[in-house]
$ cat target12.cif   # mmCIF, C-alpha atoms and all ligand atoms
data_my_file
loop_
_atom_site.group_PDB
_atom_site.id
_atom_site.type_symbol
_atom_site.label_atom_id
_atom_site.label_comp_id
_atom_site.auth_asym_id
_atom_site.auth_seq_id
_atom_site.Cartn_x
_atom_site.Cartn_y
_atom_site.Cartn_z
ATOM 1 C CA MET A 1261 195.686 75.671 79.421
ATOM 2 C CA SER A 1262 196.710 74.039 82.681
ATOM 3 C CA GLU A 1263 196.221 70.313 83.107
ATOM 4 C CA ILE A 1264 193.251 69.127 81.056
ATOM 5 C CA GLU A 1265 190.869 66.872 83.015
ATOM 6 C CA LEU A 1266 189.705 64.164 80.617
ATOM 7 C CA PRO A 1267 186.750 61.792 81.152
ATOM 8 C CA GLU A 1268 187.424 58.393 82.671
ATOM 9 C CA ILE A 1269 186.173 55.420 80.634
ATOM 10 C CA PHE A 1270 185.336 52.167 82.461
ATOM 11 C CA GLU A 1271 185.408 49.329 79.953
ATOM 12 C CA ILE A 1272 183.897 45.994 80.931
ATOM 13 C CA ASP A 1273 184.623 43.309 78.372
ATOM 14 C CA SER A 1274 182.918 39.951 78.872
ATOM 15 C CA GLY A 1275 185.404 38.241 76.558
ATOM 16 C CA ASN A 1276 182.424 36.764 74.697
ATOM 17 C CA ALA A 1277 180.886 37.790 71.387
ATOM 18 C CA GLY A 1278 178.246 40.506 71.519
ATOM 19 C CA LEU A 1279 177.518 44.151 70.986
ATOM 20 C CA HIS A 1280 179.433 47.151 72.299
ATOM 21 C CA LEU A 1281 177.210 49.389 74.425
ATOM 22 C CA VAL A 1282 178.375 52.841 75.532
ATOM 23 C CA VAL A 1283 176.576 54.553 78.436
ATOM 24 C CA THR A 1284 177.335 58.206 79.156
ATOM 25 C CA GLY A 1285 176.462 60.638 81.948
ATOM 26 C CA GLY A 1286 177.500 64.181 82.758
ATOM 27 C CA VAL A 1287 177.761 65.477 79.182
ATOM 28 C CA HIS A 1288 176.253 68.556 80.820
ATOM 29 C CA GLY A 1289 177.928 69.189 84.170
ATOM 30 C CA ASN A 1290 174.781 70.329 86.006
ATOM 31 C CA GLU A 1291 172.886 67.077 85.334
ATOM 32 C CA PRO A 1292 173.702 64.650 88.168
ATOM 33 C CA CYS A 1293 171.255 61.838 87.264
ATOM 34 C CA GLY A 1294 173.400 60.123 84.615
ATOM 35 C CA VAL A 1295 176.523 60.346 86.749
ATOM 36 C CA LEU A 1296 174.761 58.753 89.728
ATOM 37 C CA ALA A 1297 173.042 56.088 87.627
ATOM 38 C CA VAL A 1298 176.290 55.004 85.942
ATOM 39 C CA GLN A 1299 178.218 55.017 89.241
ATOM 40 C CA ARG A 1300 175.529 52.826 90.817
ATOM 41 C CA ILE A 1301 175.704 50.287 87.969
ATOM 42 C CA LEU A 1302 179.519 50.225 88.148
ATOM 43 C CA GLN A 1303 179.298 49.564 91.874
ATOM 44 C CA GLU A 1304 176.788 46.740 91.345
ATOM 45 C CA ILE A 1305 179.050 45.189 88.698
ATOM 46 C CA GLU A 1306 181.928 45.425 91.148
ATOM 47 C CA GLN A 1307 179.800 43.739 93.826
ATOM 48 C CA GLY A 1308 178.765 40.950 91.452
ATOM 49 C CA ILE A 1309 175.091 41.962 91.494
ATOM 50 C CA ILE A 1310 175.261 42.472 87.705
ATOM 51 C CA THR A 1311 177.591 40.470 85.442
ATOM 52 C CA ILE A 1312 178.364 41.451 81.854
ATOM 53 C CA GLU A 1313 178.203 38.086 80.081
ATOM 54 C CA HIS A 1314 178.285 39.035 76.412
ATOM 55 C CA GLY A 1315 179.906 41.792 74.397
ATOM 56 C CA LYS A 1316 181.402 44.845 75.980
ATOM 57 C CA VAL A 1317 180.096 47.877 77.875
ATOM 58 C CA SER A 1318 181.942 51.180 78.174
ATOM 59 C CA PHE A 1319 180.694 53.470 80.928
ATOM 60 C CA VAL A 1320 181.605 57.158 81.054
ATOM 61 C CA PRO A 1321 180.019 58.522 84.251
ATOM 62 C CA VAL A 1322 181.322 62.080 83.795
ATOM 63 C CA CYS A 1323 181.829 63.167 80.176
ATOM 64 C CA ASN A 1324 182.549 66.792 81.126
ATOM 65 C CA PRO A 1325 184.622 66.602 84.346
ATOM 66 C CA ARG A 1326 185.444 70.315 84.593
ATOM 67 C CA ALA A 1327 181.784 71.371 84.207
ATOM 68 C CA ARG A 1328 180.659 68.645 86.611
ATOM 69 C CA ALA A 1329 183.151 69.843 89.262
ATOM 70 C CA GLN A 1330 181.549 73.299 89.075
ATOM 71 C CA ASN A 1331 177.972 71.986 88.628
ATOM 72 C CA ILE A 1332 177.572 74.045 85.441
ATOM 73 C CA ARG A 1333 176.233 72.993 82.037
ATOM 74 C CA GLN A 1334 179.458 73.665 80.150
ATOM 75 C CA THR A 1335 182.727 75.549 80.520
ATOM 76 C CA GLU A 1336 183.582 77.020 77.107
ATOM 77 C CA ARG A 1337 181.002 75.495 74.775
ATOM 78 C CA ASN A 1338 178.104 73.032 74.832
ATOM 79 C CA LEU A 1339 179.679 69.564 74.589
ATOM 80 C CA ASN A 1340 176.451 68.226 73.086
ATOM 81 C CA ARG A 1341 176.619 70.503 70.016
ATOM 82 C CA MET A 1342 179.284 70.643 67.284
ATOM 83 C CA MET A 1343 180.514 67.227 68.393
ATOM 84 C CA PHE A 1344 183.181 65.808 66.099
ATOM 85 C CA PRO A 1345 186.944 65.202 66.453
ATOM 86 C CA LYS A 1346 188.922 68.462 66.481
ATOM 87 C CA SER A 1347 192.339 68.523 64.796
ATOM 88 C CA ASP A 1348 193.146 71.798 66.530
ATOM 89 C CA PRO A 1349 191.284 71.723 69.861
ATOM 90 C CA LYS A 1350 190.829 75.149 71.431
ATOM 91 C CA ALA A 1351 187.926 75.096 73.897
ATOM 92 C CA TYR A 1352 188.108 72.669 76.851
ATOM 93 C CA GLU A 1353 185.134 70.762 75.374
ATOM 94 C CA ASP A 1354 187.065 70.279 72.083
ATOM 95 C CA HIS A 1355 189.541 68.118 74.026
ATOM 96 C CA LEU A 1356 186.629 66.059 75.386
ATOM 97 C CA ASP A 1357 185.367 65.464 71.810
ATOM 98 C CA ASN A 1358 188.746 63.946 71.013
ATOM 99 C CA VAL A 1359 188.289 61.359 73.778
ATOM 100 C CA LEU A 1360 184.573 60.693 73.336
ATOM 101 C CA CYS A 1361 184.287 60.571 69.525
ATOM 102 C CA PRO A 1362 186.787 57.678 69.114
ATOM 103 C CA LEU A 1363 184.742 55.760 71.713
ATOM 104 C CA PHE A 1364 181.469 56.514 69.904
ATOM 105 C CA ASP A 1365 183.123 55.363 66.643
ATOM 106 C CA THR A 1366 183.250 51.832 68.097
ATOM 107 C CA ALA A 1367 179.754 51.824 69.701
ATOM 108 C CA ASP A 1368 177.008 49.592 68.366
ATOM 109 C CA VAL A 1369 174.603 51.258 70.777
ATOM 110 C CA LEU A 1370 174.779 54.488 72.808
ATOM 111 C CA LEU A 1371 172.602 55.456 75.766
ATOM 112 C CA ASP A 1372 173.257 59.079 76.779
ATOM 113 C CA LEU A 1373 171.686 60.164 80.086
ATOM 114 C CA HIS A 1374 170.621 63.768 80.697
ATOM 115 C CA SER A 1375 168.147 65.867 82.667
ATOM 116 C CA CYS A 1376 166.437 69.119 81.736
ATOM 117 C CA HIS A 1377 165.976 72.596 83.175
ATOM 118 C CA SER A 1378 162.164 72.749 83.388
ATOM 119 C CA GLN A 1379 159.786 70.364 85.118
ATOM 120 C CA SER A 1380 159.271 67.320 82.936
ATOM 121 C CA PRO A 1381 158.373 63.675 82.914
ATOM 122 C CA PRO A 1382 161.281 61.513 81.720
ATOM 123 C CA PHE A 1383 161.445 61.409 77.909
ATOM 124 C CA ILE A 1384 163.552 60.140 75.046
ATOM 125 C CA PHE A 1385 164.936 62.038 72.072
ATOM 126 C CA LEU A 1386 164.249 59.519 69.318
ATOM 127 C CA GLY A 1387 166.408 58.748 66.313
ATOM 128 C CA PRO A 1388 165.353 58.337 62.687
ATOM 129 C CA GLN A 1389 162.009 56.616 62.228
ATOM 130 C CA THR A 1390 163.028 52.965 61.864
ATOM 131 C CA GLN A 1391 161.732 49.822 63.511
ATOM 132 C CA GLU A 1392 165.117 49.246 65.184
ATOM 133 C CA ASN A 1393 165.120 52.729 66.755
ATOM 134 C CA ALA A 1394 161.492 52.453 67.837
ATOM 135 C CA GLU A 1395 162.088 49.097 69.508
ATOM 136 C CA TYR A 1396 165.178 50.347 71.332
ATOM 137 C CA ALA A 1397 163.254 53.386 72.617
ATOM 138 C CA ARG A 1398 160.401 51.230 73.841
ATOM 139 C CA VAL A 1399 162.599 49.158 76.157
ATOM 140 C CA LEU A 1400 163.874 52.058 78.260
ATOM 141 C CA GLY A 1401 160.797 52.236 80.501
ATOM 142 C CA VAL A 1402 159.498 55.759 79.835
ATOM 143 C CA SER A 1403 156.317 56.952 78.128
ATOM 144 C CA HIS A 1404 157.200 60.347 76.572
ATOM 145 C CA TYR A 1405 159.148 60.758 73.348
ATOM 146 C CA VAL A 1406 160.333 63.595 71.101
ATOM 147 C CA HIS A 1407 161.740 63.254 67.603
ATOM 148 C CA GLY A 1408 162.957 65.667 64.926
ATOM 149 C CA PHE A 1409 165.357 67.439 67.314
ATOM 150 C CA ALA A 1410 168.376 67.578 65.002
ATOM 151 C CA GLU A 1411 166.273 68.631 62.014
ATOM 152 C CA ALA A 1412 164.442 71.439 63.851
ATOM 153 C CA LEU A 1413 167.561 72.725 65.590
ATOM 154 C CA GLY A 1414 169.543 72.308 62.365
ATOM 155 C CA ASP A 1415 167.029 74.535 60.534
ATOM 156 C CA ALA A 1416 167.224 77.182 63.271
ATOM 157 C CA THR A 1417 171.031 77.204 63.353
ATOM 158 C CA ALA A 1418 171.982 76.528 59.712
ATOM 159 C CA ASP A 1419 173.500 79.993 59.444
ATOM 160 C CA ILE A 1420 175.600 79.427 62.600
ATOM 161 C CA ASP A 1421 177.122 76.124 61.469
ATOM 162 C CA PRO A 1422 175.664 73.060 59.689
ATOM 163 C CA LYS A 1423 177.208 70.873 62.429
ATOM 164 C CA PHE A 1424 175.654 72.881 65.286
ATOM 165 C CA ALA A 1425 172.999 70.222 66.009
ATOM 166 C CA MET A 1426 175.560 67.365 66.025
ATOM 167 C CA GLY A 1427 175.613 65.959 69.561
ATOM 168 C CA THR A 1428 176.479 62.577 71.075
ATOM 169 C CA THR A 1429 173.637 60.697 69.402
ATOM 170 C CA GLU A 1430 173.865 62.433 66.020
ATOM 171 C CA TYR A 1431 177.624 61.776 65.914
ATOM 172 C CA THR A 1432 177.195 58.101 66.888
ATOM 173 C CA ARG A 1433 174.455 57.546 64.303
ATOM 174 C CA ALA A 1434 176.676 59.094 61.633
ATOM 175 C CA GLN A 1435 179.263 56.386 62.481
ATOM 176 C CA GLY A 1436 176.641 53.634 62.127
ATOM 177 C CA GLY A 1437 175.662 53.150 65.785
ATOM 178 C CA MET A 1438 172.168 53.171 67.259
ATOM 179 C CA ALA A 1439 171.825 55.982 69.798
ATOM 180 C CA LEU A 1440 169.296 57.577 72.133
ATOM 181 C CA THR A 1441 169.276 60.439 74.612
ATOM 182 C CA LEU A 1442 167.204 59.855 77.728
ATOM 183 C CA GLU A 1443 166.158 62.964 79.642
ATOM 184 C CA CYS A 1444 165.534 61.471 83.093
ATOM 185 C CA GLY A 1445 163.406 64.379 84.408
ATOM 186 C CA SER A 1446 164.426 67.802 85.635
ATOM 187 C CA HIS A 1447 167.859 68.553 87.137
ATOM 188 C CA ARG A 1448 166.287 68.849 90.594
ATOM 189 C CA ASP A 1449 164.150 65.717 90.356
ATOM 190 C CA ASP A 1450 165.132 63.194 93.076
ATOM 191 C CA THR A 1451 163.775 60.308 91.014
ATOM 192 C CA ALA A 1452 165.891 61.107 87.912
ATOM 193 C CA PRO A 1453 168.896 58.913 88.909
ATOM 194 C CA GLU A 1454 166.553 55.932 89.346
ATOM 195 C CA VAL A 1455 165.090 56.554 85.858
ATOM 196 C CA GLY A 1456 168.610 56.449 84.402
ATOM 197 C CA TYR A 1457 169.547 53.356 86.409
ATOM 198 C CA GLN A 1458 166.424 51.511 85.274
ATOM 199 C CA ALA A 1459 167.128 52.417 81.642
ATOM 200 C CA ILE A 1460 170.672 50.996 81.866
ATOM 201 C CA LEU A 1461 169.369 47.726 83.350
ATOM 202 C CA ARG A 1462 166.744 47.491 80.625
ATOM 203 C CA VAL A 1463 169.173 48.112 77.779
ATOM 204 C CA LEU A 1464 171.665 45.568 79.198
ATOM 205 C CA ARG A 1465 168.895 42.988 79.206
ATOM 206 C CA TYR A 1466 167.485 43.992 75.799
ATOM 207 C CA LEU A 1467 170.870 43.698 74.073
ATOM 208 C CA GLY A 1468 171.602 40.372 75.785
ATOM 209 C CA LEU A 1469 174.731 41.745 77.462
ATOM 210 C CA ALA A 1470 173.769 40.793 81.020
ATOM 211 C CA GLN A 1471 171.300 38.603 82.831
ATOM 212 C CA VAL A 1472 169.492 41.138 84.974
ATOM 213 C CA ASP A 1473 167.667 39.965 88.079
ATOM 214 C CA GLN A 1474 163.995 40.712 87.461
ATOM 215 C CA ALA A 1475 163.720 41.993 91.050
ATOM 216 C CA LEU A 1476 165.955 44.961 90.157
ATOM 217 C CA ILE A 1477 163.678 46.158 87.360
ATOM 218 C CA ARG A 1478 160.747 48.343 88.350
ATOM 219 C CA GLU A 1479 157.484 47.978 86.479
ATOM 220 C CA GLN A 1480 156.744 50.935 84.234
ATOM 221 C CA GLN A 1481 154.042 52.954 85.993
ATOM 222 C CA ASN A 1482 152.722 55.139 83.198
ATOM 223 C CA THR A 1483 152.351 53.180 79.996
ATOM 224 C CA GLU A 1484 150.258 55.682 78.007
ATOM 225 C CA GLN A 1485 152.542 56.775 75.155
ATOM 226 C CA HIS A 1486 153.033 60.427 74.195
ATOM 227 C CA CYS A 1487 155.097 61.223 71.133
ATOM 228 C CA ILE A 1488 155.847 64.679 69.753
ATOM 229 C CA ARG A 1489 157.545 65.749 66.546
ATOM 230 C CA MET A 1490 159.712 68.807 67.200
ATOM 231 C CA THR A 1491 159.057 71.111 64.271
ATOM 232 C CA GLN A 1492 160.678 74.392 65.295
ATOM 233 C CA ALA A 1493 163.492 75.498 67.579
ATOM 234 C CA PHE A 1494 163.711 79.129 68.677
ATOM 235 C CA ILE A 1495 167.093 80.703 69.356
ATOM 236 C CA LYS A 1496 166.696 83.665 71.735
ATOM 237 C CA GLU A 1497 167.295 86.639 69.431
ATOM 238 C CA GLU A 1498 167.174 89.377 72.065
ATOM 239 C CA GLU A 1499 165.930 89.854 75.641
ATOM 240 C CA GLY A 1500 162.313 88.842 76.080
ATOM 241 C CA GLN A 1501 159.880 86.837 78.155
ATOM 242 C CA PHE A 1502 157.419 83.985 77.934
ATOM 243 C CA ALA A 1503 153.714 84.883 77.752
ATOM 244 C CA LYS A 1504 152.909 82.369 80.494
ATOM 245 C CA GLU A 1505 154.732 79.844 82.599
ATOM 246 C CA LEU A 1506 156.009 77.136 80.272
ATOM 247 C CA GLN A 1507 157.212 73.699 81.358
ATOM 248 C CA ASN A 1508 158.348 70.873 79.145
ATOM 249 C CA PHE A 1509 155.271 69.547 77.233
ATOM 250 C CA THR A 1510 152.990 72.464 78.210
ATOM 251 C CA THR A 1511 150.139 72.369 75.657
ATOM 252 C CA VAL A 1512 149.483 75.463 73.536
ATOM 253 C CA GLN A 1513 146.843 76.423 70.991
ATOM 254 C CA ALA A 1514 147.346 77.543 67.386
ATOM 255 C CA GLY A 1515 147.671 81.337 67.266
ATOM 256 C CA GLU A 1516 148.579 81.691 70.945
ATOM 257 C CA ILE A 1517 151.402 84.121 71.775
ATOM 258 C CA LEU A 1518 154.223 82.060 73.313
ATOM 259 C CA ALA A 1519 156.866 84.693 73.948
ATOM 260 C CA THR A 1520 157.551 88.362 73.297
ATOM 261 C CA TYR A 1521 160.840 90.124 72.679
ATOM 262 C CA GLU A 1522 161.575 93.549 74.157
ATOM 263 C CA SER A 1523 161.402 94.991 70.632
ATOM 264 C CA GLY A 1524 157.738 93.923 70.608
ATOM 265 C CA LYS A 1525 158.152 91.019 68.208
ATOM 266 C CA SER A 1526 156.169 87.926 69.298
ATOM 267 C CA ILE A 1527 156.499 84.210 68.702
ATOM 268 C CA ILE A 1528 153.132 82.633 67.905
ATOM 269 C CA ALA A 1529 152.220 78.931 68.108
ATOM 270 C CA PRO A 1530 151.936 77.777 64.469
ATOM 271 C CA ALA A 1531 149.489 74.964 65.378
ATOM 272 C CA ASP A 1532 148.011 73.183 68.376
ATOM 273 C CA GLY A 1533 151.004 71.579 70.017
ATOM 274 C CA TYR A 1534 153.539 71.407 72.804
ATOM 275 C CA ILE A 1535 156.447 73.403 74.208
ATOM 276 C CA ILE A 1536 159.747 71.536 74.402
ATOM 277 C CA LEU A 1537 162.687 72.399 76.712
ATOM 278 C CA PRO A 1538 161.761 75.983 77.683
ATOM 279 C CA LYS A 1539 164.448 78.121 79.385
ATOM 280 C CA GLU A 1540 162.967 81.561 79.918
ATOM 281 C CA HIS A 1541 166.081 83.183 81.346
ATOM 282 C CA GLU A 1542 168.507 81.668 78.828
ATOM 283 C CA THR A 1543 171.116 84.064 77.451
ATOM 284 C CA VAL A 1544 170.579 85.714 74.072
ATOM 285 C CA GLY A 1545 171.931 83.573 71.224
ATOM 286 C CA GLU A 1546 171.153 80.277 72.995
ATOM 287 C CA GLU A 1547 168.249 77.840 72.510
ATOM 288 C CA TRP A 1548 165.168 79.447 74.131
ATOM 289 C CA PHE A 1549 162.487 76.803 73.587
ATOM 290 C CA SER A 1550 161.123 74.525 70.894
ATOM 291 C CA PHE A 1551 157.695 73.670 69.580
ATOM 292 C CA GLY A 1552 156.236 70.387 68.374
ATOM 293 C CA THR A 1553 153.042 68.612 67.403
ATOM 294 C CA ALA A 1554 151.594 65.172 68.123
ATOM 295 C CA SER A 1555 153.356 62.452 66.134
ATOM 296 C CA ASP A 1556 152.618 58.940 64.896
ATOM 297 C CA TYR A 1557 156.326 57.962 64.943
ATOM 298 C CA PHE A 1558 155.741 54.563 66.544
ATOM 299 C CA GLU A 1559 152.703 53.627 64.466
ATOM 300 C CA SER A 1560 154.632 54.205 61.222
ATOM 301 C CA ALA A 1561 158.049 52.988 62.456
ATOM 302 C CA LEU A 1562 156.697 49.706 63.779
ATOM 303 C CA LYS A 1563 154.760 49.088 60.554
ATOM 304 C CA THR A 1564 157.923 49.556 58.463
ATOM 305 C CA GLU A 1565 159.543 46.342 57.285
ATOM 306 C CA VAL A 1566 163.286 46.686 57.785
HETATM 307 ZN ZN ZN B 1 171.762 67.667 79.067
#

$ encode --input "target12.cif" --output "C-alpha cells"
Amino acid sequence: MSEIELPEIFEIDSGNAGLHLVVTGGVHGNEPCGVLAVQRILQEIEQGIITIEHGKVSFVPVCNPRARAQNIRQTERNLNRMMFPKSDPKAYEDHLDNVLCPLFDTADVLLDLHSCHSQSPPFIFLGPQTQENAEYARVLGVSHYVHGFAEALGDATADIDPKFAMGTTEYTRAQGGMALTLECGSHRDDTAPEVGYQAILRVLRYLGLAQVDQALIREQQNTEQHCIRMTQAFIKEEEGQFAKELQNFTTVQAGEILATYESGKSIIAPADGYIILPKEHETVGEEWFSFGTASDYFESALKTEV
C-alpha cells in the first residue's frame, strides 16, 4: 500500500478537570455534514467564539480521509462495522481503526455525526436503555430516535461475524464511554451541517465543557418525540426491488409486502411499523433496509433509577 492517509485529531485540552468528549465526522466519506460541522466548531474555537473551559475535546473532522477525498462511503470496507484494533491490518479501514480505537478508549463521551442515503428527518441511534443515555440523547436537539440497531443487525449478521455490528458507538460503549450516532438528515440535505453543529454546541454545554453563547443555539422546532425500536435488519440476499417508494420512517402495515426478490421471495412487514435506512439499489450482501415498531424507550429509561 502506498502512503496511508490517517485521520487528523485536533485535541483541545482546557487544562482543567472535566470529561473527555470525542466528536467525529466523515466515518463515511460521502457524508459531508459531520466534516463541515466539526470544521466550523474548530474555526469558532480558533476565533475565540467558543472556549473549552473544562475537560478535553478531541475533534476528528474526517475519520476516513481516503473515502472522503473520493466522496464515497468506504474504500475497502465499512469503517463503521467490525470496528476494533487490528493486529494485522489489511484493508485501508483497518489502519483507521488502529488510530480511532485508541482515541475512543479514552473517551467519556462520543458524538459521531453521520447522514443517510434516503430522505429523513435528523435522528439519533440510541444506546442501551438507561437514564444517562436517554438524557444525553435529549440534549442534542432532534425529535426522532431509533434504538436496537446493534441487536437487530447483530441477529441478521451473526453468521457473517459476531463483531459485524460493532461500530464507533458500540466500540466506545464496550470501553465504558457513553456514545451516540446522530444522523443529521440525508446526504444531500443542505441543513444537515447545521444540525450537526447545533448538536456539538449542545453537548459542549450539557457536559459543562464550554460556556456556549445562548445566541448560537437555535430553538428546537419540532419537539414531538418519535422513537422506534429496530427489530429486524434485512441483508440484501439477491437482486430485488422495493414494493413502493420507501424513505426513512415510511410507515407500513402488518402483512404488507415491503420488497420482492427476483426469485419471487417477498419480505413482509411483521407488524405495523416503520422502515429504517432503506437503500433500494444497494449491492447484494449489504444492508438493504430495516424494520422497527413504536417504542417507549424514553418513558421506561427516564423512570429507571440509576
Ligand atoms: Zn454514515

$ residues_around --input "target12.cif" --residues "segment 1460-1471 of chain A" --least-positions-apart "6" --cutoff "9 Å" --atoms "all atoms listed in the file" --output "list in words"
Ser1274, Gly1278, Leu1279, His1280, Leu1281, Val1283, Ala1297, Val1298, Ile1301, Ile1310, Thr1311, Ile1312, Glu1313, His1314, Gly1315, Lys1316, Val1317, Leu1371, Tyr1396, Val1399, Leu1400, Gly1401 and Ile1477 of chain A

$ write_last_selection --input "target12.cif" --atoms "C-alpha atoms" --output "PDB file, in the frame of the given file"
ATOM      1  CA  SER A1274     182.918  39.951  78.872  1.00  0.00           C
ATOM      2  CA  GLY A1278     178.246  40.506  71.519  1.00  0.00           C
ATOM      3  CA  LEU A1279     177.518  44.151  70.986  1.00  0.00           C
ATOM      4  CA  HIS A1280     179.433  47.151  72.299  1.00  0.00           C
ATOM      5  CA  LEU A1281     177.210  49.389  74.425  1.00  0.00           C
ATOM      6  CA  VAL A1283     176.576  54.553  78.436  1.00  0.00           C
ATOM      7  CA  ALA A1297     173.042  56.088  87.627  1.00  0.00           C
ATOM      8  CA  VAL A1298     176.290  55.004  85.942  1.00  0.00           C
ATOM      9  CA  ILE A1301     175.704  50.287  87.969  1.00  0.00           C
ATOM     10  CA  ILE A1310     175.261  42.472  87.705  1.00  0.00           C
ATOM     11  CA  THR A1311     177.591  40.470  85.442  1.00  0.00           C
ATOM     12  CA  ILE A1312     178.364  41.451  81.854  1.00  0.00           C
ATOM     13  CA  GLU A1313     178.203  38.086  80.081  1.00  0.00           C
ATOM     14  CA  HIS A1314     178.285  39.035  76.412  1.00  0.00           C
ATOM     15  CA  GLY A1315     179.906  41.792  74.397  1.00  0.00           C
ATOM     16  CA  LYS A1316     181.402  44.845  75.980  1.00  0.00           C
ATOM     17  CA  VAL A1317     180.096  47.877  77.875  1.00  0.00           C
ATOM     18  CA  LEU A1371     172.602  55.456  75.766  1.00  0.00           C
ATOM     19  CA  TYR A1396     165.178  50.347  71.332  1.00  0.00           C
ATOM     20  CA  VAL A1399     162.599  49.158  76.157  1.00  0.00           C
ATOM     21  CA  LEU A1400     163.874  52.058  78.260  1.00  0.00           C
ATOM     22  CA  GLY A1401     160.797  52.236  80.501  1.00  0.00           C
ATOM     23  CA  ILE A1477     163.678  46.158  87.360  1.00  0.00           C
TER      24      ILE A1477
END

$ residues_near_ligand --input "target12.cif" --ligand "ligand ZN 1 (chain B)" --cutoff "8 Å" --atoms "all atoms listed in the file" --output "PyMOL selection string"
chain A and resi 1286-1288+1291+1333+1340+1373-1376+1443

$ closest_residue --input "target12.cif" --among "A:Gly1408, A:Pro1453, A:Pro1362, A:Gly1515" --to "Ala1425 of chain A" --atoms "all atoms listed in the file"
A:Gly1408

$ axis_aligned_box --input "target12.cif" --around "segment 1295-1308 of chain A" --padding-each-side "6 Å" --output "JSON"
{"center_x": 177.5, "center_y": 50.6, "center_z": 89.9, "size_x": 20.9, "size_y": 31.4, "size_z": 19.9}

$ atom_distance --input "target12.cif" --atom1 "atom CA of Ala1529 of chain A" --atom2 "atom CA of Ala1514 of chain A"
5.1 Å

$ residues_around --input "target12.cif" --residues "Tyr1534 of chain A" --least-positions-apart "5" --cutoff "7 Å" --atoms "only C-alpha atoms" --output "JSON, numbers by chain"
{"A": [1509, 1510, 1511, 1512, 1551, 1552, 1553]}

$ residues_around --input "target12.cif" --residues "Leu1537 of chain A" --least-positions-apart "2" --cutoff "7 Å" --atoms "all atoms listed in the file" --output "VMD selection string"
chain A and resid 1378 1508 1535 1539 1549 to 1550

$ closest_residue --input "target12.cif" --among "A:Ala1277, A:Ile1332, A:Ile1269, A:Val1406" --to "His1377 of chain A" --atoms "all atoms listed in the file"
A:Ile1332

$ closest_residue --input "target12.cif" --among "A:Pro1345, A:Glu1497, A:Gln1492, A:Glu1559" --to "Pro1530 of chain A" --atoms "only C-alpha atoms"
A:Gln1492

$ decode --input "target12.cif" --residues "segment 1319-1331 of chain A" --atoms "N, CA, C and O atoms" --output "tab-separated table (two decimals), in the first residue's frame"
chain	number	residue	atom	x	y	z
A	1319	PHE	N	-11.48	16.45	18.40
A	1319	PHE	CA	-12.30	16.53	17.18
A	1319	PHE	C	-11.59	15.78	16.06
A	1319	PHE	O	-10.41	16.01	15.81
A	1320	VAL	N	-12.35	14.92	15.38
A	1320	VAL	CA	-11.81	14.24	14.19
A	1320	VAL	C	-12.76	14.56	13.04
A	1320	VAL	O	-13.77	13.89	12.86
A	1321	PRO	N	-12.46	15.63	12.28
A	1321	PRO	CA	-13.42	16.03	11.22
A	1321	PRO	C	-13.57	14.98	10.13
A	1321	PRO	O	-14.67	14.81	9.61
A	1322	VAL	N	-12.49	14.29	9.80
A	1322	VAL	CA	-12.54	13.33	8.67
A	1322	VAL	C	-11.95	11.99	9.14
A	1322	VAL	O	-10.74	11.78	9.09
A	1323	CYS	N	-12.81	11.08	9.57
A	1323	CYS	CA	-12.31	9.79	10.08
A	1323	CYS	C	-11.82	8.88	8.96
A	1323	CYS	O	-10.96	8.04	9.18
A	1324	ASN	N	-12.39	9.03	7.77
A	1324	ASN	CA	-11.97	8.19	6.63
A	1324	ASN	C	-11.48	9.10	5.49
A	1324	ASN	O	-12.23	9.38	4.54
A	1325	PRO	N	-10.23	9.59	5.59
A	1325	PRO	CA	-9.76	10.60	4.62
A	1325	PRO	C	-9.78	10.11	3.17
A	1325	PRO	O	-10.12	10.88	2.27
A	1326	ARG	N	-9.42	8.86	2.93
A	1326	ARG	CA	-9.36	8.39	1.54
A	1326	ARG	C	-10.77	8.31	0.93
A	1326	ARG	O	-10.97	8.70	-0.22
A	1327	ALA	N	-11.74	7.86	1.70
A	1327	ALA	CA	-13.13	7.81	1.20
A	1327	ALA	C	-13.69	9.21	1.02
A	1327	ALA	O	-14.40	9.50	0.06
A	1328	ARG	N	-13.35	10.10	1.95
A	1328	ARG	CA	-13.84	11.49	1.86
A	1328	ARG	C	-13.29	12.16	0.59
A	1328	ARG	O	-14.02	12.87	-0.10
A	1329	ALA	N	-12.02	11.93	0.29
A	1329	ALA	CA	-11.40	12.54	-0.89
A	1329	ALA	C	-12.11	12.12	-2.17
A	1329	ALA	O	-12.18	12.87	-3.14
A	1330	GLN	N	-12.68	10.91	-2.15
A	1330	GLN	CA	-13.39	10.40	-3.35
A	1330	GLN	C	-14.90	10.56	-3.23
A	1330	GLN	O	-15.64	10.12	-4.11
A	1331	ASN	N	-15.37	11.10	-2.09
A	1331	ASN	CA	-16.81	11.24	-1.82
A	1331	ASN	C	-17.54	9.90	-1.94
A	1331	ASN	O	-18.63	9.82	-2.51
